[in-house]
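Shown next, in structure tokens, is the structure this report addresses.
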Amino acid sequence: MLRKVKTESGTVQGLVGKDPRITVFRGIPYAKPPVGELRWKAPQPAESWDGVRKCYEYGDMPMMRIHPGTDDSFYKRELHPVAADYGMSEDCLYLNIFSPAEKETDHLPVFCYIHGGGLQDGYNYEVEFDGERVARRGVIVVMISYRLGLFGFLAHPEITDETSEGEVISNFGMQDQSFALHWVKRNIRNFGGNPDQIVICGQSAGAGSVQTQLCSPMNKNLFAGAICQSAVTFGFGDTEGSLMGRMQTLSDAEQHGADFFESVGIKNLTEARKMDAYELMRKLDSVSPKGAMFGLTFGICLDGKFVTEPVVSSYYNDRMPDIPMMVGVCMGETQGMFGGKIFTKADVEKIAECYGSQKNEFLKIADVKSDEDAERLVKGDAFNQFLGDSRGFCELRSGMGKRVYYYIFDHDIPGDDAGSFHGSDLWFMFDSLGNSWRPFEGKHYDLARQVCSYWTNFVKTGNPNGKDYNGNELPEWKEYNHREKNVMKFRDRAIADHLEECPVLDFRLAFGKKNLIEKH
């Protein structure tokens, strides 16, 4: 097997995996440590080294407000059972690569994964991530680490002032991801990979990151496909923030950064750069809302260079790569953790005002006579953030003649009553059920074999169909189209199905097309 690989910075040596057909490279530096004067600056090329670098250990996790595994949250037991043993620092820009290649000329497809965590938390070796299990299906797996929260997304007037004209302002975490992906493009051939067959995938904030990377002008011709798990950022132009999503303007982000400095007594950027990273995290925690999952957050802004427009504008105006995509949700997350929004008859009537002369038409289609009727809309495809946005995206893209495959993950998850919670599909996508505390049984392992095979088939060909790891033909997963509304439902097994008609969603999408597509 290919255990030693020459990269642009020097030679790396990997370990034999649990599966001896896989070589595991942990902690490959793709950029300089963003510390000292490089804090809150664009990533820089990694320093070269002599000899062979033994890439046997994971790099540190990115800085977070709370060290994973040290709190009592739901996800400590779920994803971070041993995370307290790992280091956490600003020196976090490393890749983990899992390769089944025997030689450099194998030309294998490449699966690049970006972890979630609201852009504030997470790391690229959480317990549910098992790159070996995916790699054994004939793809090279690359797990990307990037700066988070305050260190990854601070904007501030002083940062803007010191940034050269034409350079990217803020969005350092997005720059890290892109820098890593371009590193993969330049180096993956030596790992036995195909630089023209890079498929990017992410879950939650990782899915949002995938969309940002797809829509950035700095990543042209980089990707052969994309997978967005929980969920797509979308909008219909009829609710507050439905165009911008969670994105801020640069000026708003700068003010947010300046307000943070003032609230914790930091005088200027120079003082902030000299401050210990853990001290900055303590200050962030001191002004974070108590009980909030991510505390005081910092996220993507419209910097004008890397992020030139909201992704929703890119979608409606067909300014993203013409590549096949897979998108989907976990049913439990749509109704529970993120599906708890209260929707009343008054809310529906307020939204109706946005439609102007089409107000009465909307109210007739919505047919909301009570708060119970309104609740029906927010739980289904019409207005549910996860279901509606994902389906709306599929409708829009497929209507443009683009290939998109839609799934809904709704398997029974044993061990408690959490259901198909946010992130539960990752155990199946990575075929990593054996790493979990949950008492998974045969049917769960059978489904994991199917799900992981669909994902890796897509990485190889841009189409999830084909055979599973054991050589069994998978149930046919048809791409989405308006007429059939195809969806793959993952329950006890993969079940091909069709969505019911949703006139309210159709109305909203038509409104979005009318108002968000630029007139030339």
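Residue numbering restarts at 1 in every chain; chains get A, B, ... in the order shown in the structure tokens, and ligands count up from 1 in that same order.
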
>> Please identify the strand (DSSP E or B) residues within segment 18-255 of chain A (assignment by DSSP from backbone atoms) and present them as a ChimeraX atom specification.
In response: /A:23-29,52-54,61,88,94-99,108-114,140-144,193-203,225-229,248-249

Note to self: My list of candidates is A:Leu499, A:Ile22, A:Leu433, A:Ile198. Which is closest to Glu132 of chain A when distances are computed with only C-alpha atoms?
What the structure shows: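 Closest to Glu132 of chain A, using only C-alpha atoms: A:Ile22.
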
If we count only C-alpha atoms and set the cut-off at 12 Å, which residues sit around Pro310 of chain A, ignoring sequence neighbours fewer than 3 positions away in its own chain? Please answer as an MDAnalysis selection string.
chainID A and resid 208 211:216 233:235 241:249 300:304 306:307 313:317 319:320 516

For Glu240 of chain A, the closest of A:Gly466, A:Leu79, A:Phe421, A:Asp347 counting only C-alpha atoms is A:Asp347

Using only C-alpha atoms, determine which residues lie at most 7 Å from Val5 of chain A, disregarding the query and same-chain residues fewer than 4 positions distant; provide the list as a short mmCIF file (atom, residue, chain, number, x, y, z; two decimals) with N, CA and C atoms, in the first residue's frame.
```cif
data_model
loop_
_atom_site.label_atom_id
_atom_site.label_comp_id
_atom_site.auth_asym_id
_atom_site.auth_seq_id
_atom_site.Cartn_x
_atom_site.Cartn_y
_atom_site.Cartn_z
N THR A 11 7.72 15.00 2.72
CA THR A 11 7.20 13.63 2.70
C THR A 11 6.47 13.31 4.00
N VAL A 12 5.31 12.65 3.87
CA VAL A 12 4.54 12.23 5.04
C VAL A 12 4.44 10.71 5.05
N GLN A 13 4.41 10.16 6.24
CA GLN A 13 4.24 8.71 6.39
C GLN A 13 2.99 8.44 7.21
N ASN A 190 -0.65 12.41 -5.50
CA ASN A 190 0.43 11.63 -4.91
C ASN A 190 -0.08 10.62 -3.87
N PHE A 191 -1.30 10.83 -3.39
CA PHE A 191 -1.93 9.87 -2.48
C PHE A 191 -2.72 8.80 -3.24
#
```

Nearest to Ala496 of chain A: which of A:Phe362, A:Phe383, A:Tyr405, A:Tyr445 is it, counting only C-alpha atoms?
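Going through A:Phe362, A:Phe383, A:Tyr405, A:Tyr445 one by one, the smallest distance to Ala496 of chain A is for A:Tyr405.
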
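Distances to Pro324 of chain A were evaluated for A:Tyr480, A:Phe172, A:Tyr278, A:Phe74 using only C-alpha atoms, and the minimum falls at A:Tyr480.
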
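If you measure from each of A:Gly117, A:Pro414, A:Gly152, A:Pro109 to Val134 of chain A using only C-alpha atoms, the closest one turns out to be A:Pro109.
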